[in-house]
Structure formats: structure tokens, C-alpha cells
Amino acid sequence: MARQTNRRSTGRKTTRRKSSKSKSASRGAFLGIGLIALLIGLITVSVMTITNNREKGSKEEQVVTIIPANKGESKKEQKESTKVVSVPKKEEKKKEREEKPKKEEKQVAQKEDKKEKVKEQEEQVSNENISDLIRLVLYDHEISRSSVTERKKKNSAGKNVLYFEIVCDENMQRGVSSAISSLMRKKGYTVKSSNNQITASSKTDEYSILLKSPVKEVVKKQEDTAKPVEKKEEEKTQVAEIEKPKPKYPSLPAPAKKQVQFAILLDDGGNSLELAKEFASIKYPVAIAVLPHLEHTKQTAQIAKNAGKTVFLHFPMAPKSYPNTDPGKGAILPNMPQLIINGIVKENFENLGVQVDGFNNHMGSGITEDAVKMEQILLASKAYTNRFVDSRTTAATKAYAECKKAGYKCGENRLFIDNDNSVEAILEKIYEAAEKSRDDGSIIAIGHIRPNTLQALKIALPELEKRNYKLVSVTSLTK
């Protein structure tokens, strides 16, 4: 009996378990179906919302509300005064399409204008730079601003033409012409040169450079333009010489209470034998500085020595405008080693053929600013002289300081007397040199072996001597 009871109870438990499992399965199925349906519903709503928004967006209107000026109007009047202007987006897009090419054209035009302006500015800067380089060449040739006329003009082709008219001594014209021509070729210009006229042209601009000799005061004869007359009248009527009115020379300095000493060193000897003889014949102790390796170098040095004049070697050195400006044969150039400098020094001193009293620099603004190069030159020159005068072709020179360090007897130029080549201007500078000597005790001034300088010295020196201004040798003013 006990066994039967146990079996029945087991059978009931199994039935209950099966029924509970089937119920939970059916509930899970319903729940899954419900979730799926909910998800489908959400997706459908989302799709409909997006579609509606798009349709609304295409039918959107732009509303412009005009607010009445009178605040006291009724709401009804305000509604009536409110206007709604509908601007469909399609029309806006159409307008945008029409306006877009115009905007693009405008932008392109603006860009082109900017490019042209930039190009013009670059050309202007380029012109200014080249003009500065030309001025530097002239400075290194010791040509003053007063001897140079500049102007700018446009030619018939629309090119900018820059004109330079340069008044300089005939001996200088070849060097100046060569330097400027070389400079312009290096800058990409096509250069034509003839009869002291240089034309340098490019696609955008042109330079016209004229080299003129200073005006000489020449006595002119009156032309006989009269009709034929009797022989007796012809004998009486001779061609008269008409002299130009005397130029108005500058005032002489006031007489000095005590004797004032000043010295003048004349550069560029060796170019002309005729001028060398005339300068050597001056009774005053001018010093003559002779360039090496020229046609008349040795003869000029010998003429000056025989006349008892002080003779200097006018030592060529590279200027700042090198290589556009050629300082001549025997020049010290940048980056030269000591061994080469030694050889050039030897050749230059020995080329004059006489025992020199000292030396000074020809050009050299690129070298005298270099303390190392000046030390090397002075070291090598000690075998030939112990005297040096710094020509001061640059304000930043270190030559005088290095001269002192090397134990030389040193001097320095205080004034160029003939950068402006007219007689009147040279006289004014000679008188200025005399006044500086009175104020400072003594000075050395530098001129050049040129016709107008010779004429000015012949006028000035006797008058200055009367006023107690004495010209002395350069050697007596080097310390």
C-alpha cells in the first residue's frame, strides 16, 4: 500500500511542472510579439515625421512683418498692416545660381587687381634698389650728388624710364661707364653703350645714363658774319675776343691770427702725363698719389719726385660696389689670403719705380671696414713705408685704428675738395679746408689730378698764404 501511495504523488508533481512551463513559454511569446510591434510602430512614426518635415520645408514661406508706426493702433489694424510675402526657396536658389557667376567674376577681377598692384610695387622696389646700386657705384668713384641729375618719365610704350645725367672727369668716365654697364647686365638688362651714353632696358623699365664732362671756361671768338667790305675796313675790324663774365667765386676765409697749416693729397696720378707735369710745377708742396700699373705710372712718380713733391702709392682696394665697380689692377679683394696680399703689396710698391713717402687707399670702402684685411695689408707694407693716410671712403672705416696698432705714422682725410668738379665748388671746399685747419689745428684734405682742381689750387693757394694759411707736406701732418 505504501509503494502505491508514493507513485501517485510523484505523478501529480510532474503534471504540475509541465503546466507551469507551458504557461511561461506562452507569456514569453506574447511579450516578444508585443516588443516587435512596438518597434515597428516607432519606426513608422519616425519615417512619417521625417517625410512631413521635408514636405513642410519645401513649402516654407518667408514672412516679413511690417510693424505699424503708431503704437496706439488696435490689434485688428495691426493684423491688417501685417503683410506676408512668400518667397519660395526655388526662386532663391535660382537667384543664387544667377548671382554666383557674377560673384566669381568679381572675385577673379579683384585677385587680378591685387596681383597687378603687387607686381607694380615689386617693380618699384626693384627700380629703387638698382638706382641705389648706381648711386653706390658713383659714390665709390667719388662723384658727389651735386654732379648727378635724376628724373623719371614714362615713354610712349608705357615703360618707366629713369634718366641719370652724370658730370665727371673724362679720366673717370670709362671706369664709371664700365661699372654701370656691368651692374645692369648682372641685373638682367639689355645694355647698349656708345659715346658716353648707356641704355639699359628690360620688359618693364629702362635706364638712360649720360656721362658728361664738366663745362670748361673757354674764351670764345666772335664770328665775322658781316658782308664783304673794303680791305682798309677789314684791317681795322678784327675778330674780338669776348670773355665770359667772371664767375662769382666764394668768399675767402678771414685772416688767421696764428699760422694755420693744412695739407692736400692729390689722388689718381698716372692717367695723364700733361697734368702730372702741371701739378708738379706748382710751387706749393702738394702731395701726389700715383695709381700702380697704369700707362704713365712710373713717369708720373718720377716727375713728381724730381720736382721735390711728396709721392704716395694710391693703393687700389675693393669698394662696397665690387664687383660692379672695378678698383683696377693691383686691388686687394675680399677673402684674399695673406700670401696673395703679400705678393700684391710687393708688386704695387715696386711698380712706381721710386721710393714712396707713404700710401693711401684708392676706393676701398669694402676693405677699410675690415680690420683683419687692413692689418694684413699694413703688415705686408712695412717693408716699403711706415706712413699711411686713410682716405675715409666710408664712415665705418677701421683703417686709421689699425694703422695706429701697426705702429705707423698715420693720417686721415677730413675733406674731399673736388667731388663736385666745378671750379667754384672746388674753391669753396679748399676754403672750407683752411677754416677747418684753423679750428682744429691742422687737417689733411684730398683732391684729384684734374684740370679744374689745378685751376682752383692756382687761384686759392696764393690768396690763402696772404691770410696766414700755409699749405704743408702731408708727411708733416702724419703722426
# chains A, B, ... in the order shown; residues from 1 in each chain; ligands from 1
>>> residues_around(residues="Asp420 (chain A)", least_positions_apart="4", cutoff="9 Å", atoms="only C-alpha atoms", output="list in words")
Ile143, Ser144, Arg145, Ser146, Ser147, Val167, Cys168, Ala425 and Ile426 of chain A
>>> write_last_selection(atoms="N, CA and C atoms", output="compact mmCIF listing (two decimals), in the first residue's frame")
# COMPACT_ATOMS: atom_id res chain seq x y z
N ILE A 143 82.05 110.59 -56.87
CA ILE A 143 81.25 111.56 -57.60
C ILE A 143 80.14 112.02 -56.67
N SER A 144 80.05 113.31 -56.44
CA SER A 144 79.10 113.84 -55.47
C SER A 144 77.68 113.88 -56.03
N ARG A 145 76.71 114.01 -55.13
CA ARG A 145 75.31 114.09 -55.54
C ARG A 145 75.02 115.31 -56.39
N SER A 146 75.74 116.40 -56.11
CA SER A 146 75.51 117.63 -56.87
C SER A 146 75.92 117.49 -58.33
N SER A 147 76.71 116.45 -58.65
CA SER A 147 77.14 116.21 -60.04
C SER A 147 76.20 115.24 -60.76
N VAL A 167 77.92 114.26 -64.31
CA VAL A 167 79.04 115.11 -64.72
C VAL A 167 80.29 114.60 -64.01
N CYS A 168 81.27 114.15 -64.79
CA CYS A 168 82.51 113.65 -64.19
C CYS A 168 83.67 113.84 -65.15
N ALA A 425 82.96 125.30 -56.93
CA ALA A 425 82.72 124.34 -55.85
C ALA A 425 84.04 123.88 -55.22
N ILE A 426 85.07 123.69 -56.04
CA ILE A 426 86.37 123.26 -55.52
C ILE A 426 86.99 124.37 -54.66
>>> select_by_dssp(residues="region 196-362 of chain A", states="helix (DSSP H, G or I)", output="JSON, numbers by chain")
{"A": [231, 232, 233, 234, 235, 236, 273, 274, 275, 276, 277, 278, 279, 280, 297, 298, 299, 300, 301, 302, 303, 304, 305, 306, 338, 339, 340, 341, 342, 343, 344, 345, 346, 347, 348, 349, 350, 351]}
>>> closest_residue(among="A:Ile449, A:Leu252, A:Ile166, A:Ala200", to="Thr300 (chain A)", atoms="only C-alpha atoms")
A:Ile449
>>> atom_distance(atom1="CA of Leu427 (chain A)", atom2="CA of Ile282 (chain A)")
16.5 Å
>>> residues_around(residues="Asn196 (chain A)", least_positions_apart="6", cutoff="8 Å", atoms="only C-alpha atoms", output="list in words")
Gln173, Ser177, Leu210, Leu211 and Lys212 of chain A
>>> write_last_selection(atoms="N, CA, C and O atoms", output="PDB file, in the first residue's frame")
ATOM      1  N   GLN A 173      85.281 108.677 -66.727  1.00  0.00           N
ATOM      2  CA  GLN A 173      84.103 108.248 -67.483  1.00  0.00           C
ATOM      3  C   GLN A 173      84.175 106.788 -67.923  1.00  0.00           C
ATOM      4  O   GLN A 173      83.171 106.073 -67.883  1.00  0.00           O
ATOM      5  N   SER A 177      81.407 104.160 -66.718  1.00  0.00           N
ATOM      6  CA  SER A 177      80.609 103.521 -67.772  1.00  0.00           C
ATOM      7  C   SER A 177      80.708 101.997 -67.689  1.00  0.00           C
ATOM      8  O   SER A 177      79.699 101.282 -67.773  1.00  0.00           O
ATOM      9  N   LEU A 210      73.665 109.247 -69.046  1.00  0.00           N
ATOM     10  CA  LEU A 210      74.535 110.096 -69.853  1.00  0.00           C
ATOM     11  C   LEU A 210      75.688 110.600 -68.994  1.00  0.00           C
ATOM     12  O   LEU A 210      75.481 111.161 -67.916  1.00  0.00           O
ATOM     13  N   LEU A 211      76.913 110.376 -69.473  1.00  0.00           N
ATOM     14  CA  LEU A 211      78.118 110.855 -68.782  1.00  0.00           C
ATOM     15  C   LEU A 211      78.609 112.110 -69.499  1.00  0.00           C
ATOM     16  O   LEU A 211      78.897 112.085 -70.704  1.00  0.00           O
ATOM     17  N   LYS A 212      78.688 113.211 -68.758  1.00  0.00           N
ATOM     18  CA  LYS A 212      79.084 114.488 -69.343  1.00  0.00           C
ATOM     19  C   LYS A 212      80.362 115.009 -68.700  1.00  0.00           C
ATOM     20  O   LYS A 212      80.556 114.853 -67.499  1.00  0.00           O
TER      21      LYS A 212
END
>>> residues_around(residues="region 465-475 of chain A", least_positions_apart="2", cutoff="10 Å", atoms="only C-alpha atoms", output="MDAnalysis selection string")
chainID A and resid 252:265 284:288 309:312 357:358 387:389 409:411 431 434:435 437:438 442:445 460:463 477:479
>>> atom_distance(atom1="CA of Pro319 (chain A)", atom2="CA of Glu274 (chain A)")
28.6 Å
>>> select_by_dssp(residues="region 403-438 of chain A", states="strand (DSSP E or B)", output="count of residues only")
8
>>> atom_distance(atom1="CA of Arg392 (chain A)", atom2="CA of Ile303 (chain A)")
27.1 Å
